[in-house]
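One structure is given here, and the rest of the page talks about it.
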Amino acid sequence: VLRYLKKRNVPVGVFYRDVYWKFDELYPLKGWKKKIMQTIYRWEEQFYEKYCDVIFLPSVEMGKYVAIDRPMTDLPPGGKRRNIRREKRNEAVARGLYVGGINNEDYGLFLLFDALQIVNQTEQLVHLTIVCRKNEYEALPDAQKERIRYLGVDVKHISGAELDRLYEQMDFAFIPRLRSEYNDFSVPVKLVEYLSNELPIVATNCLAQKRFIEEDGYGVICEDLPQSMAEAIRIMIDRKEQYRQRIAETFMNKHSWVARVEKVKRTLTGDEK
């Protein structure tokens, strides 16, 4: 099919989702299976170079890991428009949310706990809710479960409509991933899910998510250190409504799935270099 399109000068683009297979610490296969699959993935890159005009990537930062001699541009996940009915309340304590995995230190959840403890040291300024898989929570060591209870963190195992309602009760959200070579170019889906729900974000300075959030003023960036994150939380508490207003004004116009499709069209037809 691609050979047919190329002969007839039909522009072709491909979305190249991930290169985790290039990272030994992330790729689960070992031995001869690993070598075979990595060879197949390299053939795939050669195929795209031969038949595609543009390579779309989750982030521009991923480009240096892609061995395809073709123009590349970023195409991160798109936002989904929601009819948000945010709860009005007069509580002095802000509500923060983390949705995601808790079974890997790389996710940064325990960094977030350290920061939370600093922020709430003299008085409670923020209350944290975690949404995670039940089996991951049950697998935590008892000491970590005890710390969650000590910090007064709510733990929920919900999805779908229940999670949508929870988003409407929150003031902001967290992406506390630790800095790493891979995290610097990956774009978490929760980034656009939070923003689709008009939640400003406190996030670590992994390069791709840092650029996305700072470019349009959607939240506060910090280092992957407790004190730095604690300061970012304090800033967020003071400025959350400013960030929320910025999200409401620009996010769907610039980052909806419709906007993503329009970018693909412009790029492939030559209207955007």
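Ordering of the structure tokens sets the chain letters (A, B, ...); residue numbers start at 1 within each chain; ligands are numbered from 1 in the order shown.
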
Per residue of region 7-68 of chain A within 9 Å of region 207-230 of chain A, which atom pair is closest and at what distance in Å (one decimal), using only C-alpha atoms, listed by chain and increasing number, as CSV?
residue,atom,partner,partner_atom,distance
A:Pro58,CA,A:Ala208,CA,8.9
A:Ser59,CA,A:Ala208,CA,6.2
A:Val60,CA,A:Ala208,CA,7.7
A:Glu61,CA,A:Ala208,CA,6.3
A:Met62,CA,A:Ala208,CA,8.6

request  = Mind checking which residues fall within 10 Å of Asn135 (chain A), counting only C-alpha atoms, ignoring those fewer than 5 positions away in the same chain, and posting them as a list of chain:residue names?
outcome  =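 Residues near the query, excluding close chain neighbours: A:Asn103, A:Leu140, A:His157.
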
request  = Tell me which of A:Tyr65, A:Tyr16, A:Phe172, A:Phe47 sits closest to Leu128 (chain A), counting only C-alpha atoms.
outcome  =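 When distances to Leu128 (chain A) are compared using only C-alpha atoms, the smallest one comes from A:Phe172.
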
request  = Select, from A:Val1, A:Val99, A:Val187, A:Val192, the residue with the minimum atom-to-atom distance to Ser159 (chain A), counting only C-alpha atoms.
outcome  = A:Val99

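Remark: for Ser180 (chain A), the closest of the candidate residues A:Ile235, A:Cys206, A:Ile158, A:Ala143 is A:Cys206 (distances computed over only C-alpha atoms).
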
task = Find the residues around Arg86 (chain A) up to 9 Å (only C-alpha atoms counted), leave out those fewer than 6 positions away in its own chain, and share them as a PyMOL selection string.
result = chain A and resi 165+167-170

inquiry  = From the options A:Leu5, A:Ala67, A:Cys132, A:Met252, which residue's atoms come nearest to Glu193 (chain A), counting only C-alpha atoms?
reply    =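 Checking each candidate against Glu193 (chain A), we get A:Met252 as the closest.
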
Sel. of helix (DSSP H, G or I) residues, region 36-120 of chain A, as a PyMOL selection string = chain A and resi 36-51+60-65+105-107+109-119

May I have the residues from that selection written out with N, CA, C and O atoms, as a short mmCIF file (atom, residue, chain, number, x, y, z; two decimals), in the first residue's frame?
data_model
loop_
_atom_site.label_atom_id
_atom_site.label_comp_id
_atom_site.auth_asym_id
_atom_site.auth_seq_id
_atom_site.Cartn_x
_atom_site.Cartn_y
_atom_site.Cartn_z
N ILE A 36 16.33 -10.71 18.22
CA ILE A 36 15.45 -10.85 17.06
C ILE A 36 14.48 -9.68 16.99
O ILE A 36 14.30 -9.06 15.93
N MET A 37 13.84 -9.36 18.11
CA MET A 37 12.85 -8.28 18.11
C MET A 37 13.50 -6.93 17.83
O MET A 37 12.93 -6.10 17.10
N GLN A 38 14.67 -6.68 18.38
CA GLN A 38 15.35 -5.41 18.11
C GLN A 38 15.75 -5.30 16.64
O GLN A 38 15.69 -4.21 16.06
N THR A 39 16.12 -6.42 16.03
CA THR A 39 16.41 -6.41 14.59
C THR A 39 15.16 -6.08 13.79
O THR A 39 15.21 -5.28 12.84
N ILE A 40 14.02 -6.65 14.17
CA ILE A 40 12.76 -6.35 13.49
C ILE A 40 12.41 -4.88 13.63
O ILE A 40 11.98 -4.24 12.66
N TYR A 41 12.61 -4.31 14.83
CA TYR A 41 12.31 -2.89 15.03
C TYR A 41 13.23 -2.01 14.18
O TYR A 41 12.80 -0.97 13.66
N ARG A 42 14.48 -2.42 13.99
CA ARG A 42 15.39 -1.64 13.13
C ARG A 42 14.94 -1.72 11.67
O ARG A 42 15.04 -0.73 10.94
N TRP A 43 14.47 -2.89 11.24
CA TRP A 43 13.91 -3.00 9.90
C TRP A 43 12.71 -2.09 9.74
O TRP A 43 12.51 -1.48 8.68
N GLU A 44 11.92 -1.99 10.80
CA GLU A 44 10.75 -1.11 10.78
C GLU A 44 11.18 0.34 10.56
O GLU A 44 10.57 1.07 9.75
N GLU A 45 12.23 0.78 11.23
CA GLU A 45 12.73 2.14 11.03
C GLU A 45 13.19 2.34 9.59
O GLU A 45 12.93 3.40 8.98
N GLN A 46 13.88 1.35 9.02
CA GLN A 46 14.32 1.45 7.63
C GLN A 46 13.13 1.52 6.67
O GLN A 46 13.16 2.25 5.67
N PHE A 47 12.09 0.77 6.98
CA PHE A 47 10.87 0.78 6.16
C PHE A 47 10.23 2.16 6.17
O PHE A 47 9.85 2.69 5.12
N TYR A 48 10.13 2.76 7.35
CA TYR A 48 9.54 4.09 7.45
C TYR A 48 10.38 5.12 6.70
O TYR A 48 9.85 6.03 6.06
N GLU A 49 11.68 4.98 6.77
CA GLU A 49 12.55 5.92 6.06
C GLU A 49 12.33 5.83 4.55
O GLU A 49 12.40 6.84 3.84
N LYS A 50 12.07 4.64 4.06
CA LYS A 50 11.90 4.43 2.63
C LYS A 50 10.57 4.95 2.12
O LYS A 50 10.50 5.53 1.03
N TYR A 51 9.51 4.78 2.90
CA TYR A 51 8.18 5.03 2.37
C TYR A 51 7.45 6.23 2.98
O TYR A 51 6.41 6.63 2.45
N VAL A 60 9.31 16.18 20.58
CA VAL A 60 10.50 16.47 19.78
C VAL A 60 11.74 15.90 20.45
O VAL A 60 12.72 15.54 19.79
N GLU A 61 11.70 15.78 21.78
CA GLU A 61 12.85 15.26 22.52
C GLU A 61 13.14 13.80 22.18
O GLU A 61 14.27 13.34 22.33
N MET A 62 12.15 13.07 21.69
CA MET A 62 12.35 11.67 21.32
C MET A 62 13.14 11.53 20.03
O MET A 62 13.71 10.47 19.75
N GLY A 63 13.20 12.59 19.24
CA GLY A 63 13.79 12.51 17.92
C GLY A 63 15.21 11.98 17.86
O GLY A 63 15.57 11.24 16.93
N LYS A 64 16.03 12.31 18.84
CA LYS A 64 17.43 11.89 18.78
C LYS A 64 17.62 10.39 18.98
O LYS A 64 18.70 9.87 18.75
N TYR A 65 16.55 9.70 19.38
CA TYR A 65 16.63 8.25 19.57
C TYR A 65 16.03 7.48 18.38
O TYR A 65 15.99 6.26 18.40
N GLU A 105 9.48 3.10 41.81
CA GLU A 105 10.01 4.34 42.38
C GLU A 105 10.11 5.44 41.34
O GLU A 105 10.02 6.64 41.64
N ASP A 106 10.29 5.03 40.08
CA ASP A 106 10.43 5.98 38.97
C ASP A 106 9.21 6.88 38.83
O ASP A 106 9.31 8.00 38.33
N TYR A 107 8.04 6.42 39.27
CA TYR A 107 6.83 7.23 39.17
C TYR A 107 6.87 8.44 40.10
O TYR A 107 6.10 9.37 39.91
N LEU A 109 6.06 8.76 43.34
CA LEU A 109 5.01 8.94 44.35
C LEU A 109 5.60 9.24 45.73
O LEU A 109 5.07 10.08 46.46
N PHE A 110 6.68 8.59 46.07
CA PHE A 110 7.23 8.78 47.41
C PHE A 110 8.04 10.08 47.50
O PHE A 110 8.19 10.64 48.59
N LEU A 111 8.49 10.58 46.37
CA LEU A 111 8.98 11.96 46.31
C LEU A 111 7.85 12.91 46.65
O LEU A 111 8.02 13.86 47.42
N LEU A 112 6.67 12.65 46.09
CA LEU A 112 5.50 13.48 46.36
C LEU A 112 5.14 13.43 47.85
O LEU A 112 4.81 14.47 48.44
N PHE A 113 5.22 12.26 48.46
CA PHE A 113 4.95 12.16 49.90
C PHE A 113 5.92 13.02 50.71
O PHE A 113 5.52 13.69 51.67
N ASP A 114 7.20 12.98 50.35
CA ASP A 114 8.20 13.79 51.05
C ASP A 114 7.85 15.28 50.95
O ASP A 114 7.94 16.02 51.94
N ALA A 115 7.46 15.71 49.74
CA ALA A 115 7.10 17.11 49.54
C ALA A 115 5.84 17.48 50.32
O ALA A 115 5.76 18.55 50.93
N LEU A 116 4.87 16.58 50.32
CA LEU A 116 3.63 16.81 51.05
C LEU A 116 3.89 16.99 52.54
O LEU A 116 3.31 17.88 53.19
N GLN A 117 4.79 16.19 53.07
CA GLN A 117 5.10 16.28 54.49
C GLN A 117 5.73 17.63 54.82
O GLN A 117 5.46 18.21 55.88
N ILE A 118 6.57 18.14 53.92
CA ILE A 118 7.19 19.44 54.14
C ILE A 118 6.14 20.55 54.11
O ILE A 118 6.10 21.43 54.98
N VAL A 119 5.27 20.51 53.12
CA VAL A 119 4.26 21.56 52.95
C VAL A 119 3.31 21.61 54.14
O VAL A 119 2.92 22.69 54.61
#
